[in-house]
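Here the structure is laid out as structure tokens; the discussion comes afterwards.
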Amino acid sequence: MEHVDVVIVGAGLSGIGAGYHLQTLCPDRSYVILEGRGAIGGTWDLFRYPGVRSDSDMYTLGYAFRPWGGAKAIADGPSILQYVRDTAAHYGIDRRIRFNHHVKTAAWSTDKAAWIVTATGAGGEDVEISCNFLFMCSGYYNYARGHAPDFPGSGDFAGRIVHPQFWPDDLDYAGKRVVVIGSGATAVTLVPAMAETAAQVTMLQRSPTYVVSRPAEDRAANWLKRHLPAKLAYRLVRWRNVLLGIWFFRLARRKPAKVKERLVGMVRDELGPDYDVATHFTPRYNPWDQRLCLVPDGDLFAAIREGKASVVTGTIDRFVREGIRLQSGEVLPADIIVTATGLELQLLSDVAFNVDGQPVDLAKTLNYKGMMFSDVPNLASTFGYTNASWTLKADLTALYVCRLLNTMRRRGMRQATPRIGDARIEEVPFLDFTSGYVRRAIDKFPRQGSRKPWRLNQNYALDVMALRFGSVDSSMEFSNPATNRRAA
Ligand SMILES: Cc1cc2nc3c(=O)[nH]c(=O)nc-3n(C[C@H](O)[C@H](O)[C@H](O)COP(=O)(O)OP(=O)(O)OC[C@H]3O[C@@H](n4cnc5c(N)ncnc54)[C@H](O)[C@@H]3O)c2cc1C
């Protein structure tokens, strides 16, 4: 059986970043990337709906090691995909990828200090590969299906029903009446994009979300890029955005009423005094209890002002032949219905893990530093921030894994296992978001602990201290197969 030091699963933003860090910081380590699909890019290759874009700025969604060169800070999906592909090609990471290898199981043997990873190959055959360390960069949602509630009467609807995760190439919506169900990032992206050519686009939401407008182009950043070396400008803007994000998040948590008033007031400024902001843009929850929705240059508000798009807040009774009937009795006529109802969260791609033949239920483990799992050796995974760009945490996670691998090599230790060992640690939910997609899946997630190193920071500055400079020994047992000696 083929053996490598490290298997990375997934060739999205995180997997390509992990490959870079590994070959830069641990150049003596062999690695492969197993990718289930036939392409690089993950999310940015999969999602093809009109207007698909980032909803955080590219100075923090871009890699720390590769400045984002685009003029737009809120970038379109194809540009982000190109950036990931270019990064992979530039550093030769693309040569390490085995495409069409979908990982199903991973079995750890303490005797051998190795994982045996089984993937389904391109022809449906099982492919086995062994490795000392397994690094899951498989994202956080199910690629095979999105969240699709069962709407009664959907068979009666005469038009086409589309889920944004599987956008059909042949969908022609020019001159058509479209209803987009949802109020999240995807819905607020789709509505103005489709409104450009559709006859009418209605965003149908059960309840409102905080929607915040930000300039698509960051003028200060572009000025700095013209006047400073690219890397320095990138670093400065990145840190400015990180610190602003942390400041705003903390303000929202400390003074929710004030922040709510300000955010809703900004929408009122956009839509004018006659618009029913209270019904359509005033959420019942506090800012940052769920992710805020960003709209570049207020494009959603412009589409509403121009009468090309509208928002309806109500509950669906059923789909009918001509559209959607609400519980109020109102019927929204539609030729196309887009169910922007969200993702189905998935932890570590539902890979079946076992340690020495015993199945591992990750929901029963405690998450270590946001990346490893109590009592599971040599396994790490990337899970980005919920309140900041994913890549900020992905970069730090990969950096930390490299520190761990180098420590193991230096000490001649082949196993690194997080162990709890502190009775004062209390269990806390992994995420404290109230969003539906989090509530639906949280029981499948590990818990986090009430204290370091089991506590998730959700704060880049604190994580820089913990993951770049903090001790690799805290609650970590280093050992070898034969002796299981405790090293720390
Ligand atoms: C429409 C959309 C917009 C987003 N915008 C933002 C944003 O603006 N800012 C932000 O911070 N985040 C955003 N996100 C979250 C986004 O997913 C992350 O930012 C980032 O792209 C995740 O990268 P990743 O590599 O960790 O995961 P993914 O992009 O999901 O890539 C995972 C890869 O792993 C592969 N894989 C999965 N399971 C297996 C398996 N078992 N075997 C082999 N391969 C496997 C997949 O095929 C895929 O290629 C957005 C998400 C969506 C859906």
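In the structure tokens, the first chain shown is A, the next is B, and so on; residue numbers restart at 1 for each chain, and ligands run from 1 in the order shown.
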
Surroundings of ligand 1 up to 7 Å, based on only C-alpha atoms and all ligand atoms, as a VMD selection string = chain A and resid 9 to 15 34 to 37 40 to 44 47 52 to 57 61 101 to 104 119 137 to 141 143 186 349 351 382 to 383 388 to 391

Strand (DSSP E) residues, from DSSP on the backbone, in range 207-304 of chain A, as an MDAnalysis selection string | chainID A and resid 211:214 293:296

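Minimum atom-to-atom distances from A:Asp76, A:Asp86, A:Asp335, A:Asp375 to Ala198 in chain A were compared using only C-alpha atoms, and the lowest value belongs to A:Asp335.
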
Best match for closeness to Gly307 in chain A among A:Ala334, A:Ile324, A:Leu244, A:Val201, counting only C-alpha atoms = A:Val201

Selected residue of minimal separation from Asp299 in chain A among A:Gly357, A:Glu344, A:Ala380, A:Arg214, counting only C-alpha atoms |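 Among the listed residues, the smallest separation from Asp299 in chain A belongs to A:Arg214.
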
Expressed in Å, the length from CA of Ala352 in chain A to CA of Trp115 in chain A is 12.2 Å

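For the residues A:Leu236, A:Val360, A:Ala302, A:Leu456, ranking by smallest atom-to-atom distance to Glu427 in chain A using only C-alpha atoms places A:Leu456 first.
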
Residues flagged alpha helix (DSSP H) by DSSP in range 326-439 of chain A, as a VMD selection string | chain A and resid 390 to 411 436 to 439

Nearest to Ala71 in chain A among A:Tyr173, A:Trp223, A:Tyr20, A:Trp108, with distances taken over only C-alpha atoms: which residue is it?
-> A:Trp223

For CA of Ala158 in chain A and CA of Leu46 in chain A, determine how far apart the two atoms are, in Å to one decimal place.
->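 Interatomic distance here is 27.4 Å.
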
Using only C-alpha atoms: which of A:Thr386, A:Trp454, A:Val376, A:Ser328 has the shortest distance to Gln358 in chain A | A:Val376

All residues 12 Å or closer to Ile246 in chain A, only C-alpha atoms, same chain fewer than 4 positions away omitted, as a list in words =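 Non-adjacent residues within range: Trp239, Arg240, Asn241, Val242, Arg250, Leu251, Ala252, Arg253, Trp288, Tyr385, Thr386, Asn387, Ala388, Ser389, Asn457, Gln458, Asn459, Tyr460, Ala461 and Leu462 of chain A.
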
Export of prior selection with C-alpha atoms as a CSV table (one decimal), in the first residue's frame:
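Just written: result-v6.csv:
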chain,number,residue,atom,x,y,z
A,239,TRP,CA,-4.9,43.6,9.8
A,240,ARG,CA,-7.0,46.7,9.5
A,241,ASN,CA,-10.0,44.6,8.4
A,242,VAL,CA,-9.3,41.9,11.1
A,250,ARG,CA,-17.5,42.9,20.3
A,251,LEU,CA,-19.5,46.1,20.0
A,252,ALA,CA,-22.5,44.1,18.7
A,253,ARG,CA,-22.2,41.7,21.6
A,288,TRP,CA,-24.1,38.6,15.2
A,385,TYR,CA,-14.5,31.5,11.7
A,386,THR,CA,-18.2,32.2,11.8
A,387,ASN,CA,-17.7,35.9,12.5
A,388,ALA,CA,-14.8,36.6,10.1
A,389,SER,CA,-13.2,35.2,7.0
A,457,ASN,CA,-11.7,31.8,20.3
A,458,GLN,CA,-13.6,33.0,17.2
A,459,ASN,CA,-11.0,35.8,17.3
A,460,TYR,CA,-8.1,36.0,14.9
A,461,ALA,CA,-5.8,38.1,17.2
A,462,LEU,CA,-6.2,35.6,20.1

Show which residues sit within 10 Å of Arg455 in chain A, as a count of residues only. Count only C-alpha atoms, and ignore same-chain residues fewer than 3 positions away.
-> 17
